[in-house]
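Peer 1: Here you go, this is entry.cif (mmCIF, C-alpha atoms; chains and numbers go by the auth columns).
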data_final
#
loop_
_atom_site.group_PDB
_atom_site.id
_atom_site.type_symbol
_atom_site.label_atom_id
_atom_site.label_comp_id
_atom_site.label_asym_id
_atom_site.label_seq_id
_atom_site.Cartn_x
_atom_site.Cartn_y
_atom_site.Cartn_z
_atom_site.B_iso_or_equiv
_atom_site.auth_seq_id
_atom_site.auth_asym_id
ATOM 1 C CA LEU A 1 33.239 48.298 -74.098 0.00 1 A
ATOM 2 C CA GLY A 2 33.239 46.911 -77.577 0.00 2 A
ATOM 3 C CA VAL A 3 30.311 45.211 -79.265 0.00 3 A
ATOM 4 C CA HIS A 4 30.516 43.508 -82.643 0.00 4 A
ATOM 5 C CA ARG A 5 27.667 41.447 -84.082 0.00 5 A
ATOM 6 C CA GLY A 6 26.088 41.026 -80.678 0.00 6 A
ATOM 7 C CA VAL A 7 29.301 39.923 -78.946 0.00 7 A
ATOM 8 C CA VAL A 8 30.600 41.895 -75.990 0.00 8 A
ATOM 9 C CA ARG A 9 34.409 41.986 -76.261 0.00 9 A
ATOM 10 C CA ARG A 10 35.002 42.076 -72.533 0.00 10 A
ATOM 11 C CA ASP A 11 33.066 41.615 -69.310 0.00 11 A
ATOM 12 C CA VAL A 12 31.045 44.639 -68.235 0.00 12 A
ATOM 13 C CA ARG A 13 30.269 45.161 -64.576 0.00 13 A
ATOM 14 C CA LEU A 14 27.242 47.287 -63.832 0.00 14 A
ATOM 15 C CA SER A 15 25.487 48.455 -60.713 0.00 15 A
ATOM 16 C CA ALA A 16 21.712 48.516 -60.422 0.00 16 A
ATOM 17 C CA ASP A 17 21.798 52.277 -61.025 0.00 17 A
ATOM 18 C CA ASP A 18 23.268 51.707 -64.491 0.00 18 A
ATOM 19 C CA LEU A 19 20.365 49.614 -65.716 0.00 19 A
ATOM 20 C CA PRO A 20 17.885 52.414 -66.626 0.00 20 A
ATOM 21 C CA ALA A 21 20.414 54.013 -68.965 0.00 21 A
ATOM 22 C CA ARG A 22 20.725 50.665 -70.769 0.00 22 A
ATOM 23 C CA ARG A 23 16.910 50.306 -70.830 0.00 23 A
ATOM 24 C CA LEU A 24 17.128 47.308 -68.552 0.00 24 A
ATOM 25 C CA ALA A 25 15.749 46.734 -65.108 0.00 25 A
ATOM 26 C CA ALA A 26 15.956 43.955 -62.573 0.00 26 A
ATOM 27 C CA ASP A 27 14.998 43.291 -59.007 0.00 27 A
ATOM 28 C CA ALA A 28 17.632 44.206 -56.457 0.00 28 A
ATOM 29 C CA LEU A 29 20.055 41.337 -55.918 0.00 29 A
ATOM 30 C CA ALA A 30 22.613 40.660 -53.247 0.00 30 A
ATOM 31 C CA GLY A 31 25.945 42.353 -53.848 0.00 31 A
ATOM 32 C CA GLY A 32 24.502 45.079 -56.095 0.00 32 A
ATOM 33 C CA GLU A 33 26.880 44.226 -58.969 0.00 33 A
ATOM 34 C CA LEU A 34 25.787 42.775 -62.276 0.00 34 A
ATOM 35 C CA VAL A 35 27.928 41.016 -64.837 0.00 35 A
ATOM 36 C CA GLN A 36 27.120 40.734 -68.530 0.00 36 A
ATOM 37 C CA PRO A 37 28.716 37.775 -70.265 0.00 37 A
ATOM 38 C CA ARG A 38 31.234 38.083 -73.091 0.00 38 A
ATOM 39 C CA GLN A 39 29.005 36.487 -75.711 0.00 39 A
ATOM 40 C CA ARG A 40 25.331 36.840 -76.376 0.00 40 A
ATOM 41 C CA PRO A 41 23.642 34.373 -74.004 0.00 41 A
ATOM 42 C CA PRO A 42 20.612 32.276 -74.863 0.00 42 A
ATOM 43 C CA ALA A 43 17.142 33.683 -74.358 0.00 43 A
ATOM 44 C CA ARG A 44 16.049 34.214 -70.724 0.00 44 A
ATOM 45 C CA ASP A 45 19.685 34.219 -69.570 0.00 45 A
ATOM 46 C CA ASP A 46 20.722 37.762 -70.511 0.00 46 A
ATOM 47 C CA GLY A 47 22.918 38.408 -67.523 0.00 47 A
ATOM 48 C CA ARG A 48 23.766 37.331 -64.026 0.00 48 A
ATOM 49 C CA ALA A 49 24.628 38.822 -60.696 0.00 49 A
ATOM 50 C CA ARG A 50 28.031 38.067 -59.265 0.00 50 A
ATOM 51 C CA ASP A 51 27.778 34.880 -57.159 0.00 51 A
ATOM 52 C CA GLN A 52 24.075 34.690 -57.957 0.00 52 A
ATOM 53 C CA PRO A 53 22.050 32.484 -60.330 0.00 53 A
ATOM 54 C CA ALA A 54 21.327 33.817 -63.778 0.00 54 A
ATOM 55 C CA PHE A 55 18.288 36.032 -64.158 0.00 55 A
ATOM 56 C CA ARG A 56 16.445 37.684 -66.990 0.00 56 A
ATOM 57 C CA PRO A 57 16.422 41.496 -67.222 0.00 57 A
ATOM 58 C CA VAL A 58 13.248 43.076 -68.549 0.00 58 A
ATOM 59 C CA PRO A 59 12.781 46.246 -70.632 0.00 59 A
ATOM 60 C CA TYR A 60 12.979 49.223 -68.318 0.00 60 A
ATOM 61 C CA PRO A 61 9.595 50.825 -69.179 0.00 61 A
ATOM 62 C CA GLN A 62 7.869 47.609 -68.093 0.00 62 A
ATOM 63 C CA HIS A 63 9.506 47.638 -64.692 0.00 63 A
ATOM 64 C CA GLY A 64 8.087 50.103 -62.191 0.00 64 A
ATOM 65 C CA ALA A 65 5.822 51.749 -64.745 0.00 65 A
ATOM 66 C CA ASP A 66 4.473 55.237 -64.137 0.00 66 A
ATOM 67 C CA PRO A 67 1.152 54.902 -62.232 0.00 67 A
ATOM 68 C CA ALA A 68 -0.263 57.938 -64.027 0.00 68 A
ATOM 69 C CA GLY A 69 0.607 56.361 -67.378 0.00 69 A
ATOM 70 C CA LEU A 70 -0.973 53.069 -66.349 0.00 70 A
ATOM 71 C CA LEU A 71 -4.168 54.894 -65.396 0.00 71 A
ATOM 72 C CA ALA A 72 -4.189 56.809 -68.671 0.00 72 A
ATOM 73 C CA ASP A 73 -3.809 53.526 -70.581 0.00 73 A
ATOM 74 C CA ALA A 74 -6.476 51.718 -68.593 0.00 74 A
ATOM 75 C CA ALA A 75 -9.087 54.483 -68.591 0.00 75 A
ATOM 76 C CA LYS A 76 -11.531 54.289 -71.460 0.00 76 A
ATOM 77 C CA SER A 77 -12.383 57.970 -71.155 0.00 77 A
ATOM 78 C CA LYS A 78 -9.127 59.924 -71.214 0.00 78 A
ATOM 79 C CA ARG A 79 -10.962 63.214 -70.913 0.00 79 A
ATOM 80 C CA ALA A 80 -12.500 62.119 -67.613 0.00 80 A
ATOM 81 C CA ILE A 81 -9.025 61.963 -66.054 0.00 81 A
ATOM 82 C CA ILE A 82 -8.380 65.627 -66.830 0.00 82 A
ATOM 83 C CA VAL A 83 -11.843 66.696 -65.705 0.00 83 A
ATOM 84 C CA SER A 84 -11.506 64.718 -62.467 0.00 84 A
ATOM 85 C CA ALA A 85 -8.077 66.217 -61.815 0.00 85 A
ATOM 86 C CA CYS A 86 -9.451 69.729 -62.336 0.00 86 A
ATOM 87 C CA CYS A 87 -12.312 68.999 -59.924 0.00 87 A
ATOM 88 C CA ILE A 88 -9.819 67.826 -57.296 0.00 88 A
ATOM 89 C CA ILE A 89 -7.759 70.987 -57.804 0.00 89 A
ATOM 90 C CA ILE A 90 -10.872 73.109 -57.318 0.00 90 A
ATOM 91 C CA LEU A 91 -11.794 71.143 -54.210 0.00 91 A
ATOM 92 C CA GLY A 92 -8.275 71.541 -52.821 0.00 92 A
ATOM 93 C CA CYS A 93 -8.359 75.305 -53.354 0.00 93 A
ATOM 94 C CA LEU A 94 -11.742 75.537 -51.624 0.00 94 A
ATOM 95 C CA ILE A 95 -10.414 73.523 -48.672 0.00 95 A
ATOM 96 C CA ILE A 96 -7.442 75.855 -48.303 0.00 96 A
ATOM 97 C CA LEU A 97 -9.714 78.898 -48.490 0.00 97 A
ATOM 98 C CA SER A 98 -12.297 77.513 -46.082 0.00 98 A
ATOM 99 C CA PHE A 99 -10.020 75.728 -43.598 0.00 99 A
ATOM 100 C CA PRO A 100 -6.640 77.507 -43.465 0.00 100 A
ATOM 101 C CA TYR A 101 -5.120 75.095 -40.965 0.00 101 A
ATOM 102 C CA LEU A 102 -1.985 72.979 -41.158 0.00 102 A
ATOM 103 C CA TYR A 103 -3.506 69.520 -41.612 0.00 103 A
ATOM 104 C CA SER A 104 -6.265 70.638 -43.955 0.00 104 A
ATOM 105 C CA ILE A 105 -3.704 72.464 -46.115 0.00 105 A
ATOM 106 C CA MET A 106 -1.449 69.392 -46.126 0.00 106 A
ATOM 107 C CA LEU A 107 -4.382 67.213 -47.207 0.00 107 A
ATOM 108 C CA ALA A 108 -5.349 69.658 -49.945 0.00 108 A
ATOM 109 C CA GLN A 109 -1.785 69.923 -51.227 0.00 109 A
ATOM 110 C CA PHE A 110 -1.432 66.133 -51.246 0.00 110 A
ATOM 111 C CA THR A 111 -4.586 65.546 -53.265 0.00 111 A
ATOM 112 C CA MET A 112 -3.826 68.428 -55.613 0.00 112 A
ATOM 113 C CA GLY A 113 -0.313 67.104 -56.200 0.00 113 A
ATOM 114 C CA ILE A 114 -1.668 63.703 -57.204 0.00 114 A
ATOM 115 C CA SER A 115 -4.235 65.220 -59.549 0.00 115 A
ATOM 116 C CA ILE A 116 -1.668 67.493 -61.195 0.00 116 A
ATOM 117 C CA ALA A 117 0.555 64.462 -61.829 0.00 117 A
ATOM 118 C CA LEU A 118 -2.265 62.728 -63.730 0.00 118 A
ATOM 119 C CA ILE A 119 -2.851 65.487 -66.265 0.00 119 A
ATOM 120 C CA PRO A 120 0.333 65.197 -68.428 0.00 120 A
ATOM 121 C CA SER A 121 -0.111 61.450 -69.014 0.00 121 A
ATOM 122 C CA ALA A 122 -3.751 61.933 -69.942 0.00 122 A
ATOM 123 C CA ILE A 123 -2.865 64.721 -72.384 0.00 123 A
ATOM 124 C CA VAL A 124 -0.221 62.559 -74.061 0.00 124 A
ATOM 125 C CA ALA A 125 -2.663 59.633 -74.318 0.00 125 A
ATOM 126 C CA ILE A 126 -5.315 61.849 -75.887 0.00 126 A
ATOM 127 C CA THR A 127 -2.773 63.336 -78.279 0.00 127 A
ATOM 128 C CA LEU A 128 -1.545 59.903 -79.323 0.00 128 A
ATOM 129 C CA GLY A 129 -5.106 58.719 -79.885 0.00 129 A
ATOM 130 C CA LEU A 130 -5.856 61.753 -82.020 0.00 130 A
ATOM 131 C CA VAL A 131 -2.808 61.949 -84.300 0.00 131 A
ATOM 132 C CA GLY A 132 -1.072 58.556 -84.052 0.00 132 A
ATOM 133 C CA ARG A 133 2.539 57.716 -83.344 0.00 133 A
ATOM 134 C CA LYS A 134 4.042 59.133 -86.556 0.00 134 A
ATOM 135 C CA LYS A 135 2.633 62.618 -86.010 0.00 135 A
ATOM 136 C CA LEU A 136 3.069 62.543 -82.230 0.00 136 A
ATOM 137 C CA PRO A 137 6.488 64.311 -82.033 0.00 137 A
ATOM 138 C CA VAL A 138 5.254 67.330 -83.998 0.00 138 A
ATOM 139 C CA ARG A 139 2.004 67.508 -82.060 0.00 139 A
ATOM 140 C CA VAL A 140 3.764 67.169 -78.694 0.00 140 A
ATOM 141 C CA SER A 141 6.147 69.962 -79.688 0.00 141 A
ATOM 142 C CA LYS A 142 3.188 72.218 -80.412 0.00 142 A
ATOM 143 C CA ASN A 143 1.524 71.156 -77.168 0.00 143 A
ATOM 144 C CA GLU A 144 4.636 72.045 -75.198 0.00 144 A
ATOM 145 C CA MET A 145 4.893 75.407 -76.940 0.00 145 A
ATOM 146 C CA TRP A 146 1.369 76.295 -75.881 0.00 146 A
ATOM 147 C CA ASN A 147 1.948 74.752 -72.461 0.00 147 A
ATOM 148 C CA HIS A 148 4.911 77.002 -71.716 0.00 148 A
ATOM 149 C CA ALA A 149 3.167 80.029 -73.187 0.00 149 A
ATOM 150 C CA GLY A 150 0.162 79.268 -71.015 0.00 150 A
ATOM 151 C CA ASN A 151 2.342 78.898 -67.930 0.00 151 A
ATOM 152 C CA LEU A 152 3.864 82.309 -68.583 0.00 152 A
ATOM 153 C CA PHE A 153 0.438 83.854 -69.122 0.00 153 A
ATOM 154 C CA ALA A 154 -1.095 82.187 -66.055 0.00 154 A
ATOM 155 C CA THR A 155 1.824 83.133 -63.812 0.00 155 A
ATOM 156 C CA SER A 156 1.642 86.740 -64.958 0.00 156 A
ATOM 157 C CA ILE A 157 -2.115 86.922 -64.402 0.00 157 A
ATOM 158 C CA ILE A 158 -1.919 85.257 -60.984 0.00 158 A
ATOM 159 C CA GLY A 159 0.909 87.528 -59.904 0.00 159 A
ATOM 160 C CA LEU A 160 -0.905 90.658 -61.056 0.00 160 A
ATOM 161 C CA ILE A 161 -4.231 89.713 -59.453 0.00 161 A
ATOM 162 C CA SER A 162 -2.625 88.701 -56.161 0.00 162 A
ATOM 163 C CA TYR A 163 -0.681 91.967 -56.115 0.00 163 A
ATOM 164 C CA LEU A 164 -3.807 94.040 -56.675 0.00 164 A
ATOM 165 C CA LEU A 165 -6.367 92.058 -54.675 0.00 165 A
ATOM 166 C CA GLY A 166 -4.367 90.018 -52.180 0.00 166 A
ATOM 167 C CA ASN A 167 -2.748 86.581 -51.906 0.00 167 A
ATOM 168 C CA VAL A 168 -6.058 84.836 -51.297 0.00 168 A
ATOM 169 C CA TRP A 169 -6.959 85.524 -54.937 0.00 169 A
ATOM 170 C CA ILE A 170 -4.241 83.132 -56.019 0.00 170 A
ATOM 171 C CA PHE A 171 -6.583 80.270 -55.176 0.00 171 A
ATOM 172 C CA TYR A 172 -9.603 81.907 -56.786 0.00 172 A
ATOM 173 C CA THR A 173 -7.565 82.344 -59.955 0.00 173 A
ATOM 174 C CA PHE A 174 -6.528 78.682 -59.833 0.00 174 A
ATOM 175 C CA ILE A 175 -10.194 77.753 -59.630 0.00 175 A
ATOM 176 C CA LEU A 176 -10.984 79.885 -62.683 0.00 176 A
ATOM 177 C CA PHE A 177 -8.149 78.307 -64.677 0.00 177 A
ATOM 178 C CA ALA A 178 -9.300 74.808 -63.670 0.00 178 A
ATOM 179 C CA LEU A 179 -12.819 75.617 -64.867 0.00 179 A
ATOM 180 C CA ALA A 180 -11.391 76.954 -68.129 0.00 180 A
ATOM 181 C CA SER A 181 -9.419 73.720 -68.572 0.00 181 A
ATOM 182 C CA MET A 182 -12.565 71.656 -68.116 0.00 182 A
ATOM 183 C CA ILE A 183 -14.333 73.752 -70.745 0.00 183 A
ATOM 184 C CA SER A 184 -11.389 73.305 -73.126 0.00 184 A
ATOM 185 C CA VAL A 185 -11.451 69.524 -72.703 0.00 185 A
ATOM 186 C CA SER A 186 -15.129 69.470 -73.650 0.00 186 A
ATOM 187 C CA PHE A 187 -14.177 70.647 -77.167 0.00 187 A
ATOM 188 C CA ILE A 188 -12.252 67.385 -77.796 0.00 188 A
ATOM 189 C CA ARG A 189 -14.553 64.953 -79.593 0.00 189 A
ATOM 190 C CA PRO A 190 -14.389 61.489 -77.977 0.00 190 A
ATOM 191 C CA SER A 191 -15.186 59.884 -81.331 0.00 191 A
ATOM 192 C CA GLU A 192 -11.872 61.158 -82.719 0.00 192 A
ATOM 193 C CA ILE A 193 -9.747 59.522 -80.002 0.00 193 A
ATOM 194 C CA ASN A 194 -8.696 56.030 -81.075 0.00 194 A
ATOM 195 C CA TYR A 195 -8.521 53.997 -77.886 0.00 195 A
ATOM 196 C CA LYS A 196 -6.161 51.346 -79.256 0.00 196 A
ATOM 197 C CA VAL A 197 -3.820 53.879 -80.815 0.00 197 A
ATOM 198 C CA ALA A 198 -3.769 55.826 -77.554 0.00 198 A
ATOM 199 C CA ARG A 199 -2.301 52.707 -75.928 0.00 199 A
ATOM 200 C CA GLU A 200 0.099 52.134 -78.847 0.00 200 A
ATOM 201 C CA LEU A 201 -1.595 48.851 -79.706 0.00 201 A
ATOM 202 C CA VAL A 202 -2.152 49.644 -83.398 0.00 202 A
ATOM 203 C CA GLU A 203 -1.346 52.372 -85.879 0.00 203 A
ATOM 204 C CA PRO A 204 -4.234 54.710 -86.785 0.00 204 A
ATOM 205 C CA ASP A 205 -6.389 53.770 -89.748 0.00 205 A
ATOM 206 C CA PRO A 206 -8.628 56.586 -91.026 0.00 206 A
ATOM 207 C CA GLN A 207 -11.273 54.079 -92.145 0.00 207 A
ATOM 208 C CA THR A 208 -11.511 52.259 -88.817 0.00 208 A
ATOM 209 C CA ASN A 209 -10.618 55.091 -86.460 0.00 209 A
ATOM 210 C CA ALA A 210 -14.221 55.808 -85.551 0.00 210 A
ATOM 211 C CA GLN A 211 -14.900 52.131 -84.799 0.00 211 A
ATOM 212 C CA ALA A 212 -12.006 51.862 -82.334 0.00 212 A
ATOM 213 C CA ALA A 213 -12.592 55.253 -80.768 0.00 213 A
ATOM 214 C CA GLN A 214 -13.874 55.979 -77.313 0.00 214 A
ATOM 215 C CA PRO A 215 -17.586 56.185 -76.676 0.00 215 A
#
Transcribe the structure of this file into structure tokens.
Peer 2:
Amino acid sequence: LGVHRGVVRRDVRLSADDLPARRLAADALAGGELVQPRQRPPARDDGRARDQPAFRPVPYPQHGADPAGLLADAAKSKRAIIVSACCIIILGCLIILSFPYLYSIMLAQFTMGISIALIPSAIVAITLGLVGRKKLPVRVSKNEMWNHAGNLFATSIIGLISYLLGNVWIFYTFILFALASMISVSFIRPSEINYKVARELVEPDPQTNAQAAQP
């Protein structure tokens, strides 16, 4: 594949699985093979499927977006997502402790899995709203450092407590950690989270940050 000044030097045949790597996405088409033309096509005619009419690929992040990310963008109160997820985790642990049966455990695990999936997107949205896009990489790196350190600490504590007191204390410890997470979230000032910046709509402005922040 050779590209010079926007011109592809030879035809490139791609399968639908190759599109994410090229940051493109398209609905599944008959044949499963895509052909990019030799020269840059006009707008809205970026490629075509073999023996199919031309279509317009779209940027990959816009196609099949992460539901947790969509919720984090749409929610005005980012902190409420984390608090709600922690409440669901606590409820799931109580269900497992109170009703140790197959279907009740499956239900608890299902709801807890969904809630756990919501937390990372909410944390990233809050971080972006607090520091802005330019400082985000450094802040995310620090977040991940503490995240992994916390995982190591939590795993060690849970393992030790369950060894000394029994496996049932795994769930009690989860409940305690969920409560601690809710307390930690309460220390984040909503007025410092810029709602528009958290959705990457604008860059942070120190003078107007408070006006665009969450209530």
Peer 1: For this file, the PyMOL selection byres ((chain A and resi 173-181) around 12) selects which residues, as a PyMOL selection string?
Peer 2: chain A and resi 79+82-97+112+115-116+119+123+150-151+153-162+165-172+182-188
Peer 1: If the PyMOL selection byres ((chain A and resi 127-140) around 7) were run on this exact file, what residues would it hold? Put them as a PyMOL selection string.
Peer 2: chain A and resi 123-126+141-144+192-195+197-198+203-204
Peer 1: So that I have them on file, write out the residues from the current selection with C-alpha atoms, as a CSV table (one decimal), in the frame of the given file.
Peer 2:
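The resulting file, out-v6.csv, is shown below:
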chain,number,residue,atom,x,y,z
A,123,ILE,CA,-2.9,64.7,-72.4
A,124,VAL,CA,-0.2,62.6,-74.1
A,125,ALA,CA,-2.7,59.6,-74.3
A,126,ILE,CA,-5.3,61.8,-75.9
A,141,SER,CA,6.1,70.0,-79.7
A,142,LYS,CA,3.2,72.2,-80.4
A,143,ASN,CA,1.5,71.2,-77.2
A,144,GLU,CA,4.6,72.0,-75.2
A,192,GLU,CA,-11.9,61.2,-82.7
A,193,ILE,CA,-9.7,59.5,-80.0
A,194,ASN,CA,-8.7,56.0,-81.1
A,195,TYR,CA,-8.5,54.0,-77.9
A,197,VAL,CA,-3.8,53.9,-80.8
A,198,ALA,CA,-3.8,55.8,-77.6
A,203,GLU,CA,-1.3,52.4,-85.9
A,204,PRO,CA,-4.2,54.7,-86.8
Peer 1: Report the residues retrieved by the PyMOL selection byres ((chain A and resi 69) around 9) from the displayed file, expressed as a ChimeraX atom specification.
Peer 2: /A:65-68,70-74,118,120-122,125
Peer 1: With C-alpha atoms retained, write the just-selected residues as a short mmCIF file (atom, residue, chain, number, x, y, z; two decimals), in the frame of the given file.
Peer 2:
data_model
loop_
_atom_site.label_atom_id
_atom_site.label_comp_id
_atom_site.auth_asym_id
_atom_site.auth_seq_id
_atom_site.Cartn_x
_atom_site.Cartn_y
_atom_site.Cartn_z
CA ALA A 65 5.82 51.75 -64.74
CA ASP A 66 4.47 55.24 -64.14
CA PRO A 67 1.15 54.90 -62.23
CA ALA A 68 -0.26 57.94 -64.03
CA LEU A 70 -0.97 53.07 -66.35
CA LEU A 71 -4.17 54.89 -65.40
CA ALA A 72 -4.19 56.81 -68.67
CA ASP A 73 -3.81 53.53 -70.58
CA ALA A 74 -6.48 51.72 -68.59
CA LEU A 118 -2.26 62.73 -63.73
CA PRO A 120 0.33 65.20 -68.43
CA SER A 121 -0.11 61.45 -69.01
CA ALA A 122 -3.75 61.93 -69.94
CA ALA A 125 -2.66 59.63 -74.32
#
Peer 1: May I ask for the distance between atom CA of A:Pro100 and atom CA of A:Ala117, given in Å to one decimal place?
Peer 2: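 Going from atom CA of A:Pro100 over to atom CA of A:Ala117, I get 23.6 Å.
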Peer 1: At what distance in Å, to one decimal, does atom CA of A:Ala80 lie from atom CA of A:Thr111?
Peer 2: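 Computing the Euclidean distance for atom CA of A:Thr111 and atom CA of A:Ala80 yields 16.7 Å.
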Peer 1: In Å, rounded to a single decimal, give me how far atom CA of A:Pro190 is from atom CA of A:Gly113.
Peer 2: 26.5 Å
Peer 1: Would you compute, for all listed atoms of stretch 86-90 of chain A, the axis-aligned bounding box grown by 4 Å on each side, and then report its centre and edge lengths in Å rounded to one decimal, as lines of an AutoDock Vina configuration file?
Peer 2:
center_x = -10.0
center_y = 70.5
center_z = -59.8
size_x = 12.6
size_y = 13.3
size_z = 13.0
